[in-house]
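upload.txt (compact mmCIF, C-alpha atoms)
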```txt
# COMPACT_ATOMS: atom_id res chain seq x y z
CA MET A 205 101.82 25.41 -22.59
CA ASP A 206 101.91 24.15 -18.98
CA GLU A 207 99.38 21.29 -18.95
CA GLN A 208 99.97 20.65 -15.23
CA LYS A 209 98.18 23.91 -14.60
CA TYR A 210 94.93 22.17 -15.61
CA ASP A 211 95.44 18.86 -13.75
CA ALA A 212 92.97 19.96 -11.07
CA LEU A 213 90.28 20.05 -13.77
CA LYS A 214 90.71 16.41 -14.80
CA ILE A 215 87.75 14.29 -13.76
CA GLU A 216 90.03 11.58 -12.35
CA ASN A 217 91.42 14.16 -9.92
CA GLN A 218 88.02 15.05 -8.47
CA ILE A 219 86.88 13.37 -5.24
CA CYS A 220 83.34 14.45 -6.05
CA PHE A 221 83.14 12.32 -9.20
CA PRO A 222 83.63 8.85 -7.68
CA LEU A 223 81.29 9.85 -4.83
CA TYR A 224 78.65 10.92 -7.36
CA ALA A 225 79.12 7.82 -9.54
CA CYS A 226 79.03 5.45 -6.54
CA SER A 227 75.91 7.12 -5.20
CA ARG A 228 74.15 6.64 -8.54
CA GLU A 229 75.28 3.01 -8.78
CA ILE A 230 74.21 2.18 -5.23
CA ILE A 231 70.79 3.74 -5.75
CA LYS A 232 70.49 1.73 -8.99
CA GLN A 233 71.24 -1.44 -7.00
CA TYR A 234 68.50 -0.54 -4.50
CA LYS A 235 65.91 -0.14 -7.26
CA PRO A 236 64.74 -3.78 -7.63
CA PHE A 237 64.38 -4.20 -3.86
CA LEU A 238 62.57 -0.89 -3.45
CA ASN A 239 60.30 -1.55 -6.44
CA GLU A 240 58.89 -4.47 -4.46
CA LEU A 241 58.02 -1.97 -1.71
CA ASP A 242 56.72 0.63 -4.19
CA LEU A 243 59.26 3.15 -2.88
CA THR A 244 61.88 5.36 -4.44
CA TYR A 245 65.24 5.61 -2.70
CA THR A 246 64.35 9.00 -1.24
CA GLN A 247 61.02 7.64 0.02
CA TYR A 248 62.88 4.67 1.53
CA ILE A 249 65.31 6.82 3.52
CA THR A 250 62.38 8.96 4.67
CA MET A 251 60.63 5.83 5.91
CA MET A 252 63.81 4.75 7.70
CA VAL A 253 63.73 7.97 9.73
CA LEU A 254 60.00 7.57 10.45
CA TRP A 255 60.37 3.91 11.44
CA GLU A 256 62.87 5.05 14.04
CA HIS A 257 61.31 8.34 15.19
CA LYS A 258 57.56 7.99 14.32
CA THR A 259 56.93 11.76 14.16
CA GLN A 260 59.24 14.44 12.81
CA THR A 261 58.80 17.99 11.64
CA VAL A 262 59.53 18.62 7.98
CA LYS A 263 62.54 20.65 9.13
CA GLU A 264 63.88 17.71 11.20
CA LEU A 265 63.40 15.32 8.28
CA GLY A 266 65.23 17.71 5.99
CA GLU A 267 68.14 18.00 8.40
CA ARG A 268 68.42 14.24 8.90
CA LEU A 269 68.18 13.48 5.17
CA PHE A 270 70.10 16.51 3.85
CA LEU A 271 67.05 17.51 1.78
CA ASP A 272 65.43 20.91 1.39
CA SER A 273 61.71 21.57 1.77
CA GLY A 274 61.35 21.99 -2.00
CA THR A 275 62.39 18.35 -2.40
CA LEU A 276 60.59 17.07 0.69
CA THR A 277 57.16 18.64 0.10
CA PRO A 278 56.28 16.78 -3.13
CA LEU A 279 57.89 13.61 -1.78
CA LEU A 280 55.79 13.72 1.40
CA LYS A 281 52.62 14.47 -0.56
CA LYS A 282 53.17 11.34 -2.67
CA MET A 283 53.89 9.25 0.41
CA GLU A 284 50.79 10.59 2.13
CA ALA A 285 48.73 9.66 -0.94
CA LYS A 286 50.12 6.11 -0.61
CA GLY A 287 48.93 6.08 3.03
CA LEU A 288 52.42 5.72 4.52
CA LEU A 289 52.39 8.92 6.54
CA CYS A 290 50.20 11.84 7.45
CA ARG A 291 51.05 15.53 7.65
CA LYS A 292 49.45 18.01 9.99
CA ARG A 293 50.24 21.32 11.59
CA SER A 294 51.61 21.27 15.12
CA VAL A 295 49.10 22.36 17.77
CA GLU A 296 51.89 24.02 19.77
CA ASP A 297 53.31 25.93 16.80
CA GLU A 298 51.33 26.03 13.56
CA ARG A 299 54.47 27.01 11.64
CA ASN A 300 55.70 23.43 12.11
CA LEU A 301 54.36 20.71 9.86
CA LEU A 302 54.48 17.32 11.59
CA VAL A 303 55.00 14.13 9.61
CA THR A 304 53.79 10.96 11.35
CA ILE A 305 54.06 7.39 10.18
CA THR A 306 50.75 5.56 9.67
CA GLU A 307 49.88 1.95 10.45
CA ALA A 308 50.43 1.10 6.76
CA GLY A 309 53.85 2.75 6.97
CA GLU A 310 54.68 0.71 10.07
CA GLN A 311 53.59 -2.50 8.33
CA LEU A 312 55.90 -1.75 5.40
CA LYS A 313 58.82 -1.97 7.82
CA GLU A 314 58.33 -5.74 8.04
CA ARG A 315 58.72 -6.08 4.27
CA ALA A 316 61.70 -3.70 4.17
CA VAL A 317 63.71 -5.38 6.92
CA THR A 318 65.58 -7.60 4.41
CA VAL A 319 66.72 -4.73 2.16
CA PRO A 320 69.97 -3.89 4.04
CA ALA A 321 71.11 -7.53 3.96
CA GLN A 322 70.24 -7.80 0.27
CA MET A 323 72.22 -4.65 -0.43
CA ALA A 324 75.20 -5.88 1.61
CA LYS A 325 75.48 -8.80 -0.82
CA CYS A 326 75.90 -6.29 -3.67
CA SER A 327 78.91 -4.57 -2.06
CA LEU A 328 82.47 -5.19 -3.15
CA LEU A 329 83.69 -4.06 0.29
CA ASP A 330 84.29 -6.30 3.26
CA SER A 331 82.79 -5.25 6.59
CA LYS A 332 85.98 -3.50 7.76
CA GLU A 333 86.25 -1.49 4.53
CA ALA A 334 82.56 -0.60 4.68
CA ALA A 335 82.93 0.63 8.27
CA GLU A 336 85.92 2.77 7.31
CA LEU A 337 84.10 4.24 4.30
CA TYR A 338 81.09 4.99 6.51
CA ARG A 339 83.36 6.78 9.00
CA ILE A 340 85.06 8.84 6.28
CA LEU A 341 81.79 9.82 4.57
CA TYR A 342 80.24 11.00 7.82
CA LYS A 343 83.43 12.92 8.58
CA MET A 344 83.04 14.64 5.19
CA LEU A 345 79.47 15.52 6.15
CA GLY A 346 80.80 17.12 9.34
CA MET A 347 79.18 14.59 11.62
```
Would you write the structure of this file as structure tokens?
Amino acid sequence: MDEQKYDALKIENQICFPLYACSREIIKQYKPFLNELDLTYTQYITMMVLWEHKTQTVKELGERLFLDSGTLTPLLKKMEAKGLLCRKRSVEDERNLLVTITEAGEQLKERAVTVPAQMAKCSLLDSKEAAELYRILYKMLGM
């Protein structure tokens, strides 16, 4: 039997597997820092967008974070219950749900500002390697 025929099915030949495993490991490394902020990783990246843009539609958030509305809706409800953001229908177009950071959400930014530097200490990559990986990953995302 020709075993080479099945080489493409070996896990070590899949680019998706190390990406998946690294993603899980990185998120695990974020956990202690984000626990201090009472945020999950997905809530943290949502806050990062809102710290920068203040108000976004759910659609815009989904596009920026590569998340669908089925994932975003329960996430945003939990964050609204924590007082980090508020959701309301757009006056111009009621089909659009606007998500706006609250004062409490803005204040959390001050506590979160150290997270990227803490995470950088966890990386096995030097700054040049990290920049190259960043470039390649965004290329894979078509950006």
Identify, on the basis of only C-alpha atoms, every residue whose closest approach to region 267-273 of chain A does not exceed 12 Å; exclude the query and any residue fewer than 2 positions from it along the same chain; express the result as a list in words.
Tyr245, Thr246, Gln247, Tyr248, Ile249, Thr250, Met251, Met252, Val253, Leu254, Glu256, His257, Gln260, Thr261, Val262, Lys263, Glu264, Leu265, Thr275, Leu276, Thr277, Pro278, Leu279, Leu280, Lys281, Leu301, Leu345 and Met347 of chain A
Within 12 Å of Glu240 (chain A), counting only C-alpha atoms, which residues qualify if same-chain residues fewer than 3 places away don't, as a list of chain:residue names?
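Neighbouring residues, sequence-local ones excluded: A:Tyr234, A:Lys235, A:Pro236, A:Phe237, A:Leu243, A:Thr244, A:Tyr248, A:Leu312, A:Arg315, A:Ala316, A:Thr318, A:Val319.
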May I have the residues from that selection written out with C-alpha atoms, as a CSV table (one decimal), keeping the file's coordinate frame?
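Saved result, out_22.csv, follows:
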```
chain,number,residue,atom,x,y,z
A,234,TYR,CA,68.5,-0.5,-4.5
A,235,LYS,CA,65.9,-0.1,-7.3
A,236,PRO,CA,64.7,-3.8,-7.6
A,237,PHE,CA,64.4,-4.2,-3.9
A,243,LEU,CA,59.3,3.2,-2.9
A,244,THR,CA,61.9,5.4,-4.4
A,248,TYR,CA,62.9,4.7,1.5
A,312,LEU,CA,55.9,-1.8,5.4
A,315,ARG,CA,58.7,-6.1,4.3
A,316,ALA,CA,61.7,-3.7,4.2
A,318,THR,CA,65.6,-7.6,4.4
A,319,VAL,CA,66.7,-4.7,2.2
```
Around all listed atoms of region 220-229 of chain A, padded 8 Å per side, what centre and edge lengths does the axis-aligned box have in Å to one decimal, as AutoDock Vina command-line options?
```
--center_x 78.9 --center_y 8.7 --center_z -7.2 --size_x 25.5 --size_y 27.4 --size_z 20.7
```
Rank nothing, just name the residue among A:Lys332, A:Lys313, A:Arg299, A:Lys325 nearest to Leu238 (chain A), using all atoms listed in the file.
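So, comparing all the options, the nearest one is A:Lys313.
In this structure, CA of Arg228 (chain A) sits 22.2 Å away from CA of Val317 (chain A).
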Can you work out the spacing between CA of Gly266 (chain A) and CA of Ala321 (chain A) in Å, to one decimal?
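Computing it gives 26.0 Å between the two atoms.
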Calculated over only C-alpha atoms, which of the candidates A:Cys226, A:Phe221, A:Glu296, A:Tyr342 has the smallest distance to Leu328 (chain A)?
A:Cys226
Atom pair CA of Glu284 (chain A) + CA of Asp297 (chain A), distance 21.4 Å
Which is closer to Glu229 (chain A) than all the others in A:Cys326, A:Ile215, A:Leu288, A:Val303, using all atoms listed in the file?
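Using all atoms listed in the file, Glu229 (chain A) sits closest to A:Cys326.
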